[in-house]
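K.L.:
File name run-v2.tsv; file contents TSV, C-alpha atoms and all ligand atoms; full text below.
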```tsv
chain	number	residue	atom	x	y	z
A	1	MET	CA	21.77	20.90	15.69
A	2	ALA	CA	23.63	17.59	15.47
A	3	SER	CA	23.59	17.05	19.22
A	4	TYR	CA	19.95	18.05	19.36
A	5	MET	CA	19.18	15.38	16.76
A	6	LYS	CA	21.22	12.82	18.62
A	7	LEU	CA	19.34	13.59	21.81
A	8	ASN	CA	16.07	13.48	19.90
A	9	ARG	CA	16.95	10.08	18.49
A	10	ARG	CA	17.87	8.80	21.92
A	11	ILE	CA	14.51	9.90	23.33
A	12	TRP	CA	12.76	8.26	20.39
A	13	VAL	CA	14.59	4.95	20.82
A	14	TRP	CA	13.81	5.03	24.52
A	15	THR	CA	10.11	5.76	23.82
A	16	LEU	CA	9.98	2.86	21.37
A	17	ALA	CA	11.51	0.53	23.90
A	18	VAL	CA	9.00	1.55	26.58
A	19	LEU	CA	6.10	1.17	24.15
A	20	ALA	CA	7.26	-2.23	22.92
A	21	VAL	CA	7.58	-3.54	26.45
A	22	SER	CA	4.19	-2.21	27.54
A	23	CYS	CA	2.46	-3.60	24.44
A	24	ALA	CA	3.96	-7.01	25.02
A	25	ALA	CA	2.91	-6.85	28.65
A	26	ALA	CA	-0.63	-5.80	27.74
A	27	LEU	CA	-0.93	-8.79	25.44
A	28	GLY	CA	0.51	-11.15	28.00
A	29	LEU	CA	3.14	-12.13	25.49
A	30	ARG	CA	6.73	-12.99	26.03
A	31	ALA	CA	8.80	-9.91	25.16
A	32	GLY	CA	10.03	-10.34	21.61
A	33	THR	CA	7.02	-12.13	20.10
A	34	ASP	CA	5.81	-8.96	18.42
A	35	SER	CA	9.21	-8.02	17.19
A	36	GLU	CA	9.84	-11.48	15.72
A	37	LYS	CA	6.68	-11.20	13.67
A	38	ASN	CA	6.66	-7.53	12.85
A	39	SER	CA	10.24	-6.26	12.91
A	40	VAL	CA	10.56	-3.10	15.00
A	41	GLY	CA	8.55	-0.01	15.79
A	42	SER	CA	5.73	0.98	18.09
A	43	ALA	CA	3.30	1.30	15.16
A	44	LYS	CA	3.90	-2.31	14.16
A	45	ALA	CA	3.67	-3.51	17.74
A	46	SER	CA	0.33	-1.79	18.23
A	47	ALA	CA	-0.93	-3.16	14.89
A	48	GLY	CA	-0.25	-6.63	16.33
A	49	LYS	CA	-2.23	-5.72	19.40
A	50	ILE	CA	-5.10	-4.46	17.26
A	51	ALA	CA	-5.25	-7.66	15.22
A	52	ALA	CA	-5.21	-9.73	18.39
A	53	LYS	CA	-8.24	-8.06	20.01
A	54	ASN	CA	-10.26	-6.88	17.06
A	55	THR	CA	-12.88	-4.83	18.88
A	56	ASN	CA	-14.45	-1.86	17.10
A	57	ALA	CA	-12.08	0.54	18.85
A	58	ASP	CA	-9.16	-1.53	17.55
A	59	ARG	CA	-10.55	-1.45	14.03
A	60	VAL	CA	-10.93	2.34	14.26
A	61	ALA	CA	-7.31	2.68	15.41
A	62	LEU	CA	-6.06	0.43	12.62
A	63	GLY	CA	-8.19	2.33	10.09
A	64	LYS	CA	-6.62	5.60	11.17
A	65	GLN	CA	-3.17	4.09	10.76
A	66	ILE	CA	-4.02	2.84	7.26
A	67	PHE	CA	-5.48	6.25	6.39
A	68	HIS	CA	-2.31	7.97	7.58
A	69	SER	CA	0.33	5.64	6.10
A	70	THR	CA	-1.45	3.85	3.28
A	71	PRO	CA	1.56	2.62	1.26
A	72	ASP	CA	2.99	0.94	4.39
A	73	GLU	CA	-0.20	-0.32	5.99
A	74	ALA	CA	-2.10	-1.49	2.89
A	75	LYS	CA	0.87	-2.24	0.65
A	76	PRO	CA	-0.65	-4.91	-1.65
A	77	TYR	CA	-3.40	-2.51	-2.76
A	78	VAL	CA	-1.38	0.68	-3.28
A	79	GLY	CA	0.54	1.55	-6.45
A	80	ASN	CA	2.12	4.88	-5.50
A	81	ARG	CA	3.51	6.92	-2.61
A	82	LEU	CA	0.29	8.67	-1.60
A	83	SER	CA	-1.62	8.13	1.62
A	84	CYS	CA	-5.28	9.01	2.08
A	85	ASN	CA	-3.86	11.69	4.36
A	86	SER	CA	-1.92	13.28	1.44
A	87	CYS	CA	-5.21	14.70	0.14
A	88	HIS	CA	-7.58	14.27	3.10
A	89	PHE	CA	-5.41	16.23	5.57
A	90	LYS	CA	-4.97	15.48	9.27
A	91	ASP	CA	-6.46	12.04	8.82
A	92	GLY	CA	-9.56	13.37	7.14
A	93	THR	CA	-10.47	16.13	9.58
A	94	VAL	CA	-9.63	19.40	7.76
A	95	PRO	CA	-12.57	21.36	6.27
A	96	HIS	CA	-12.34	21.75	2.48
A	97	ALA	CA	-9.58	19.18	2.20
A	98	SER	CA	-12.36	16.68	1.54
A	99	PRO	CA	-12.78	15.66	5.20
A	100	MET	CA	-14.33	12.37	6.27
A	101	ILE	CA	-16.37	14.07	9.00
A	102	GLY	CA	-20.08	13.37	8.54
A	103	VAL	CA	-19.44	11.54	5.27
A	104	ALA	CA	-20.32	7.97	6.28
A	105	LYS	CA	-24.01	8.69	6.77
A	106	THR	CA	-24.40	10.30	3.34
A	107	PHE	CA	-23.85	6.85	1.78
A	108	PRO	CA	-25.30	5.03	-0.10
A	109	GLN	CA	-25.55	7.85	-2.63
A	110	PHE	CA	-25.82	8.29	-6.39
A	111	SER	CA	-22.47	8.62	-8.12
A	112	GLU	CA	-22.19	10.70	-11.28
A	113	ARG	CA	-18.98	8.89	-12.15
A	114	ALA	CA	-20.33	5.35	-11.71
A	115	LYS	CA	-23.88	6.25	-12.84
A	116	ARG	CA	-25.29	4.13	-10.04
A	117	THR	CA	-25.87	4.20	-6.31
A	118	ILE	CA	-22.65	3.44	-4.46
A	119	THR	CA	-21.77	2.52	-0.88
A	120	LEU	CA	-19.00	3.96	1.28
A	121	LYS	CA	-16.97	0.83	0.48
A	122	ASP	CA	-17.37	1.53	-3.25
A	123	ARG	CA	-16.17	5.10	-2.65
A	124	ILE	CA	-13.11	3.85	-0.78
A	125	GLN	CA	-12.38	1.44	-3.67
A	126	GLU	CA	-12.53	4.41	-6.08
A	127	CYS	CA	-9.79	6.21	-4.18
A	128	PHE	CA	-7.74	2.98	-4.08
A	129	VAL	CA	-7.85	2.28	-7.81
A	130	ARG	CA	-7.55	5.94	-8.87
A	131	SER	CA	-5.95	8.21	-6.25
A	132	GLU	CA	-3.74	5.40	-4.89
A	133	ASN	CA	-3.20	4.00	-8.42
A	134	GLY	CA	-3.72	0.61	-6.79
A	135	ARG	CA	-6.22	-2.22	-6.80
A	136	PRO	CA	-9.52	-2.88	-5.01
A	137	LEU	CA	-9.45	-4.18	-1.44
A	138	PRO	CA	-11.19	-7.43	-0.51
A	139	GLU	CA	-14.75	-6.24	0.33
A	140	ASN	CA	-14.79	-7.63	3.86
A	141	GLY	CA	-11.06	-7.81	4.49
A	142	ARG	CA	-9.16	-6.39	7.42
A	143	GLU	CA	-8.14	-3.13	5.69
A	144	MET	CA	-11.60	-2.32	4.31
A	145	MET	CA	-13.35	-3.06	7.61
A	146	ALA	CA	-10.81	-0.89	9.45
A	147	LEU	CA	-11.16	2.07	7.04
A	148	VAL	CA	-14.96	1.91	7.22
A	149	ALA	CA	-14.80	1.78	11.03
A	150	TYR	CA	-12.48	4.79	11.12
A	151	ILE	CA	-14.59	6.86	8.70
A	152	ASP	CA	-17.76	5.83	10.57
A	153	SER	CA	-16.17	6.99	13.81
A	154	LEU	CA	-15.82	10.50	12.34
A	155	SER	CA	-19.56	10.60	11.61
A	156	THR	CA	-20.81	9.62	15.03
A	157	ASN	CA	-22.05	13.10	15.85
A	158	TYR	CA	-23.62	13.70	12.46
A	159	PRO	CA	-27.24	12.74	11.91
A	160	ALA	CA	-28.07	11.12	8.57
A	161	ALA	CA	-27.70	13.37	5.53
A	162	ASN	CA	-26.64	16.34	7.66
A	163	GLU	CA	-23.60	17.47	5.73
A	164	HIS	CA	-20.51	18.88	7.37
A	165	SER	CA	-20.15	22.51	6.23
A	166	GLY	CA	-16.55	21.93	5.13
A	167	ARG	CA	-17.37	18.85	3.08
A	168	GLY	CA	-15.48	18.39	-0.18
A	169	LEU	CA	-13.47	21.25	-1.62
A	170	VAL	CA	-14.17	24.99	-1.92
A	171	LYS	CA	-16.18	26.27	-4.88
A	172	VAL	CA	-14.03	28.04	-7.45
A	173	PRO	CA	-15.06	30.14	-10.46
A	174	ALA	CA	-14.59	28.38	-13.83
A	175	LEU	CA	-11.32	29.99	-14.92
A	176	LYS	CA	-8.82	28.98	-17.57
A	177	GLY	CA	-5.35	28.13	-16.30
A	178	ASN	CA	-2.23	29.26	-18.10
A	179	PRO	CA	0.50	26.58	-17.76
A	180	LEU	CA	3.33	29.01	-18.55
A	181	ARG	CA	2.39	31.28	-15.69
A	182	GLY	CA	1.75	28.12	-13.66
A	183	GLU	CA	5.29	26.87	-14.22
A	184	LYS	CA	6.72	30.03	-12.60
A	185	ILE	CA	4.45	29.56	-9.59
A	186	TYR	CA	5.33	25.88	-9.34
A	187	LEU	CA	9.07	26.51	-9.45
A	188	SER	CA	8.98	29.32	-6.91
A	189	GLN	CA	6.33	28.02	-4.47
A	190	CYS	CA	5.82	24.28	-4.85
A	191	ALA	CA	9.01	22.60	-6.07
A	192	VAL	CA	10.74	23.07	-2.71
A	193	CYS	CA	8.43	20.38	-1.29
A	194	HIS	CA	7.05	18.50	-4.30
A	195	GLY	CA	10.33	18.38	-6.24
A	196	PHE	CA	11.46	19.97	-9.51
A	197	ALA	CA	10.36	16.80	-11.31
A	198	GLY	CA	7.11	16.53	-9.32
A	199	GLU	CA	8.50	13.51	-7.51
A	200	GLY	CA	8.04	14.66	-3.91
A	201	VAL	CA	10.46	13.79	-1.11
A	202	GLY	CA	10.27	10.56	0.92
A	203	PRO	CA	7.06	9.54	2.65
A	204	MET	CA	6.19	13.02	3.97
A	205	LEU	CA	6.17	15.18	0.83
A	206	PRO	CA	4.00	13.54	-1.81
A	207	PRO	CA	4.62	13.49	-5.57
A	208	VAL	CA	2.28	15.56	-7.76
A	209	TRP	CA	3.05	13.87	-11.08
A	210	GLY	CA	5.00	10.91	-12.50
A	211	ASP	CA	4.90	7.17	-11.74
A	212	GLU	CA	4.40	7.57	-8.00
A	213	SER	CA	1.44	9.95	-8.25
A	214	PHE	CA	-2.35	9.47	-8.62
A	215	ASN	CA	-3.53	8.15	-12.00
A	216	ASP	CA	-5.47	9.84	-14.78
A	217	GLY	CA	-8.78	8.50	-13.45
A	218	ALA	CA	-8.46	10.32	-10.10
A	219	GLY	CA	-10.66	13.23	-9.03
A	220	MET	CA	-7.52	15.31	-8.56
A	221	ASN	CA	-6.74	14.77	-12.26
A	222	LYS	CA	-9.00	17.65	-13.29
A	223	VAL	CA	-7.65	21.18	-13.44
A	224	GLU	CA	-10.69	22.57	-11.66
A	225	LYS	CA	-10.61	20.03	-8.79
A	226	MET	CA	-6.91	20.50	-8.20
A	227	ALA	CA	-7.32	24.29	-8.33
A	228	ALA	CA	-10.06	24.09	-5.68
A	229	PHE	CA	-7.84	21.91	-3.52
A	230	VAL	CA	-4.76	24.10	-4.00
A	231	VAL	CA	-6.41	27.51	-3.52
A	232	LYS	CA	-7.53	26.53	-0.03
A	233	ASN	CA	-4.74	24.19	1.10
A	234	MET	CA	-1.43	24.96	-0.64
A	235	PRO	CA	1.37	25.96	-0.37
A	236	GLN	CA	1.35	24.12	2.92
A	237	THR	CA	3.39	26.84	4.63
A	238	ASN	CA	1.02	29.61	3.51
A	239	PRO	CA	-2.36	28.17	2.50
A	240	GLY	CA	-4.86	30.65	1.07
A	241	SER	CA	-2.14	32.90	-0.35
A	242	LEU	CA	-2.78	32.08	-4.03
A	243	THR	CA	-5.55	33.75	-6.03
A	244	ALA	CA	-8.05	31.49	-7.79
A	245	GLN	CA	-6.34	32.41	-11.10
A	246	GLU	CA	-2.92	31.41	-9.74
A	247	ALA	CA	-4.36	28.12	-8.45
A	248	PHE	CA	-5.76	27.38	-11.93
A	249	ASP	CA	-2.43	28.33	-13.53
A	250	VAL	CA	-0.35	26.03	-11.35
A	251	SER	CA	-2.88	23.19	-11.71
A	252	ALA	CA	-2.87	23.63	-15.50
A	253	TYR	CA	0.94	23.36	-15.42
A	254	ILE	CA	0.85	20.16	-13.32
A	255	HIS	CA	-1.70	18.75	-15.77
A	256	THR	CA	0.80	19.07	-18.66
A	257	LYS	CA	2.93	16.41	-16.91
A	258	PRO	CA	2.72	12.61	-17.26
A	259	ARG	CA	1.07	10.29	-14.71
A	260	PRO	CA	-0.05	6.62	-14.57
A	261	LYS	CA	-3.14	5.46	-16.43
A	262	LEU	CA	-6.19	3.99	-14.71
A	263	ASN	CA	-6.21	0.22	-15.19
A	264	PRO	CA	-9.32	-0.26	-17.42
A	265	GLN	CA	-10.11	-3.44	-15.47
A	266	TYR	CA	-10.93	-1.20	-12.48
A	267	ALA	CA	-12.88	1.46	-14.37
A	268	LYS	CA	-16.15	0.15	-12.90
A	269	TYR	CA	-15.12	1.68	-9.57
A	301	LIG	C1	-4.69	12.26	-4.79
A	301	LIG	C2	-5.59	12.69	-3.76
A	301	LIG	C3	-6.41	11.65	-3.01
A	301	LIG	C4	-5.98	10.55	-2.31
A	301	LIG	C5	-4.58	10.03	-2.18
A	301	LIG	C6	-7.16	9.94	-1.74
A	301	LIG	N1	-8.26	10.66	-2.06
A	301	LIG	FE1	-10.17	10.32	-1.43
A	301	LIG	N2	-10.82	11.90	-2.54
A	301	LIG	C7	-10.02	12.75	-3.27
A	301	LIG	C8	-10.84	13.74	-3.94
A	301	LIG	C9	-10.33	14.85	-4.86
A	301	LIG	C10	-12.17	13.47	-3.56
A	301	LIG	C11	-13.44	14.21	-4.01
A	301	LIG	C12	-13.59	15.53	-3.31
A	301	LIG	C13	-14.75	16.30	-3.88
A	301	LIG	O1	-14.89	16.34	-5.09
A	301	LIG	O2	-15.54	16.86	-3.11
A	301	LIG	C14	-12.13	12.31	-2.67
A	301	LIG	C15	-13.24	11.76	-2.05
A	301	LIG	C16	-13.20	10.73	-1.13
A	301	LIG	C17	-14.35	10.23	-0.39
A	301	LIG	C18	-15.77	10.80	-0.47
A	301	LIG	C19	-15.84	12.10	0.31
A	301	LIG	C20	-17.18	12.78	0.26
A	301	LIG	O3	-17.29	13.91	0.77
A	301	LIG	O4	-18.12	12.20	-0.29
A	301	LIG	C21	-13.90	9.21	0.40
A	301	LIG	C22	-14.74	8.39	1.36
A	301	LIG	C23	-12.48	9.06	0.15
A	301	LIG	N3	-12.09	10.02	-0.77
A	301	LIG	C24	-11.67	8.14	0.78
A	301	LIG	C25	-10.30	8.01	0.54
A	301	LIG	C26	-9.49	7.00	1.16
A	301	LIG	C27	-9.97	5.98	2.17
A	301	LIG	C28	-8.23	7.16	0.65
A	301	LIG	C29	-7.01	6.35	0.92
A	301	LIG	C30	-7.13	4.93	0.64
A	301	LIG	C31	-8.27	8.29	-0.27
A	301	LIG	N4	-9.53	8.78	-0.30
A	301	LIG	C32	-7.16	8.78	-0.96
A	301	LIG	C33	-8.66	12.69	-3.39
A	301	LIG	C34	-7.85	11.71	-2.84
A	302	LIG	C1	6.06	23.18	2.72
A	302	LIG	C2	5.86	22.09	1.81
A	302	LIG	C3	4.82	22.23	0.72
A	302	LIG	C4	4.72	23.24	-0.22
A	302	LIG	C5	5.56	24.48	-0.37
A	302	LIG	C6	3.62	22.84	-1.08
A	302	LIG	N1	3.10	21.64	-0.68
A	302	LIG	FE1	1.59	20.60	-1.57
A	302	LIG	N2	1.64	19.23	-0.07
A	302	LIG	C7	2.53	19.22	0.97
A	302	LIG	C8	2.23	18.13	1.86
A	302	LIG	C9	3.00	17.76	3.11
A	302	LIG	C10	1.10	17.49	1.32
A	302	LIG	C11	0.37	16.28	1.91
A	302	LIG	C12	-0.33	16.62	3.18
A	302	LIG	C13	0.15	15.84	4.36
A	302	LIG	O1	0.78	14.79	4.19
A	302	LIG	O2	-0.09	16.31	5.48
A	302	LIG	C14	0.77	18.19	0.09
A	302	LIG	C15	-0.24	17.81	-0.79
A	302	LIG	C16	-0.44	18.37	-2.05
A	302	LIG	C17	-1.31	17.83	-3.07
A	302	LIG	C18	-2.19	16.59	-2.95
A	302	LIG	C19	-1.38	15.32	-2.88
A	302	LIG	C20	-0.58	15.03	-4.10
A	302	LIG	O3	0.63	14.81	-3.93
A	302	LIG	O4	-1.10	15.06	-5.22
A	302	LIG	C21	-1.22	18.67	-4.15
A	302	LIG	C22	-1.94	18.52	-5.49
A	302	LIG	C23	-0.32	19.74	-3.79
A	302	LIG	N3	0.16	19.52	-2.53
A	302	LIG	C24	0.01	20.79	-4.63
A	302	LIG	C25	0.84	21.85	-4.24
A	302	LIG	C26	1.05	23.04	-5.04
A	302	LIG	C27	0.41	23.30	-6.40
A	302	LIG	C28	1.93	23.83	-4.36
A	302	LIG	C29	2.45	25.19	-4.74
A	302	LIG	C30	1.47	26.23	-4.94
A	302	LIG	C31	2.27	23.12	-3.12
A	302	LIG	N4	1.58	21.94	-3.10
A	302	LIG	C32	3.19	23.57	-2.18
A	302	LIG	C33	3.57	20.11	1.17
A	302	LIG	C34	3.80	21.26	0.43
```
Take the structure in this file and express it as structure tokens.
P.N.:
Amino acid sequence: MASYMKLNRRIWVWTLAVLAVSCAAALGLRAGTDSEKNSVGSAKASAGKIAAKNTNADRVALGKQIFHSTPDEAKPYVGNRLSCNSCHFKDGTVPHASPMIGVAKTFPQFSERAKRTITLKDRIQECFVRSENGRPLPENGREMMALVAYIDSLSTNYPAANEHSGRGLVKVPALKGNPLRGEKIYLSQCAVCHGFAGEGVGPMLPPVWGDESFNDGAGMNKVEKMAAFVVKNMPQTNPGSLTAQEAFDVSAYIHTKPRPKLNPQYAKY
């Protein structure tokens, strides 16, 4: 195992080196310019390349990166350890994990929450101030333009208002969750990844409650929404194995735990 990991690391370092050199060459830069500005890593080097060219394809690529690693790539606007990808799986492409496919062309649309017609940008802001427990992005800034370009790119083959069949979450019956039963499910089937204190593990396994989780204004902060998400998508190793009642129970348990509050200044989103 140890030697396998060592070998793996060596391959990784080698891959990074090759990527860094080829990025620098593609930009016609002296080797090292990217690394002076951006520390190390192929992701950072290619972000530099994206900023330098700024074509639509570059914006799409940057948007995907932000979607995947939001706390790293949009740091000033994120207040927790969740990425868009933590809830919109595989960069927004999994049916019934609220995919982004076909979504762009359904905006502008009326929002029950905001009680007005909102744009795709408004919808992205909602997830920033609520699900990311962060703050709104500059309307025409680099991050917003990149996210819109990425989400647009997933709608290319969808004519206006033609909804993707896996849009949103699955429909669940209106059940009542029992948090005591839910606690047993959480401890035996969820805590291994999301932590016994709901805190998650590192950047890969996201928190489900506490300071680093979504705030109380988020869509996921409703027992029914979380149950619909969980029944289809969790536990990650065996999705679809919980009954609707079990999904309500475990969601009801998670909802007994503390989480950040929505900043009232951002409630208009
Ligand atoms: C904590 C989970 C969570 C995180 C993190 C999150 N979202 Fe969401 N998002 C949701 C939920 C839940 C919905 C609503 C799904 C539903 O009710 O159909 C949603 C809906 C959306 C929609 C509208 C989808 C539709 O079908 O109309 C967009 C666009 C969106 N999110 C973008 C983002 C972006 C961009 C990020 C990252 C900056 C993000 N979300 C982060 C949970 C999350
Ligand atoms: C094998 C690890 C694993 C197990 C077990 C697991 N999850 Fe997850 N869960 C994840 C990962 C990973 C994500 C984020 C998806 C991604 O990054 O690809 C996630 C995302 C979530 C989210 C949305 C993001 C957030 O942090 O709020 C919720 C809610 C959730 N899981 C609840 C549960 C529940 C409830 C259970 C138990 C029934 C469970 N999970 C079991 C790995 C796991």
K.L.:
Could you report the residues within 8 Å of ligand LIG 302 (chain A), using only C-alpha atoms and all ligand atoms, as an NGL selection string?
P.N.:
:A and (82-83 or 85-90 or 185-186 or 189-194 or 200 or 204-209 or 213-214 or 220 or 226 or 229-230 or 233-238 or 242 or 247 or 250-251 or 254)
K.L.:
Wanna dump the chain A-ligand LIG 301 (chain A) contacts at 6 Å for me, each residue with its shortest atom pair and the distance in Å to one decimal, counting all atoms listed in the file, ordered by chain and number, as a Markdown table?
P.N.:
```
| residue | atom | partner | partner_atom | distance |
| --- | --- | --- | --- | --- |
| A:Phe67 | CA | A:LIG301 | C29 | 5.7 |
| A:Leu82 | CA | A:LIG301 | C5 | 5.1 |
| A:Ser83 | CA | A:LIG301 | C5 | 5.2 |
| A:Cys84 | CA | A:LIG301 | C29 | 3.4 |
| A:Ser86 | CA | A:LIG301 | C5 | 5.5 |
| A:Cys87 | CA | A:LIG301 | C2 | 4.4 |
| A:Ser98 | CA | A:LIG301 | C12 | 5.1 |
| A:Val103 | CA | A:LIG301 | O3 | 5.5 |
| A:Arg123 | CA | A:LIG301 | C22 | 5.4 |
| A:Ile124 | CA | A:LIG301 | C24 | 4.8 |
| A:Cys127 | CA | A:LIG301 | N4 | 4.7 |
| A:Phe128 | CA | A:LIG301 | C30 | 5.1 |
| A:Ser131 | CA | A:LIG301 | C1 | 4.5 |
| A:Glu132 | CA | A:LIG301 | C5 | 5.4 |
| A:Arg167 | CA | A:LIG301 | O3 | 5.5 |
| A:Gly168 | CA | A:LIG301 | O2 | 3.3 |
| A:Leu169 | CA | A:LIG301 | O2 | 5.1 |
| A:Phe214 | CA | A:LIG301 | C1 | 5.3 |
| A:Gly219 | CA | A:LIG301 | C9 | 4.5 |
| A:Met220 | CA | A:LIG301 | C9 | 4.7 |
```
K.L.:
My list of candidates is A:Pro264, A:Gly102, A:Gly79, A:Gly240. Which is closest to Tyr150 in chain A when distances are computed with only C-alpha atoms?
P.N.:
A:Gly102
K.L.:
Taking (-6.3, -8.9, 3.6) as a centre in this file's frame and 12 Å as the limit, can you find every polymer residue with an atom that close, using all atoms listed in the file, and give them as a list in words?
P.N.:
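Within the cut-off we find Ala51, Glu73, Ala74, Lys75, Pro76, Tyr77, Pro136, Leu137, Pro138, Glu139, Asn140, Gly141, Arg142, Glu143, Met144, Met145 and Ala146 of chain A.
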K.L.:
Just how far from CA of Asn215 in chain A is CA of Asp152 in chain A, in Å to one decimal?
P.N.:
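Distance reported for this atom pair: 26.8 Å.
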K.L.:
Hey, which of A:Ala218, A:Gly198, A:Ser153, A:Asp211 ends up closest to Asp58 in chain A? Count all atoms listed in the file.
P.N.:
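For Asp58 in chain A, the nearest of the candidates is A:Ser153.
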K.L.:
Can you tell me how far CA of Ala227 in chain A sits from CA of Glu212 in chain A, in Å to one decimal?
P.N.:
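Between CA of Ala227 in chain A and CA of Glu212 in chain A the gap works out to 20.4 Å.
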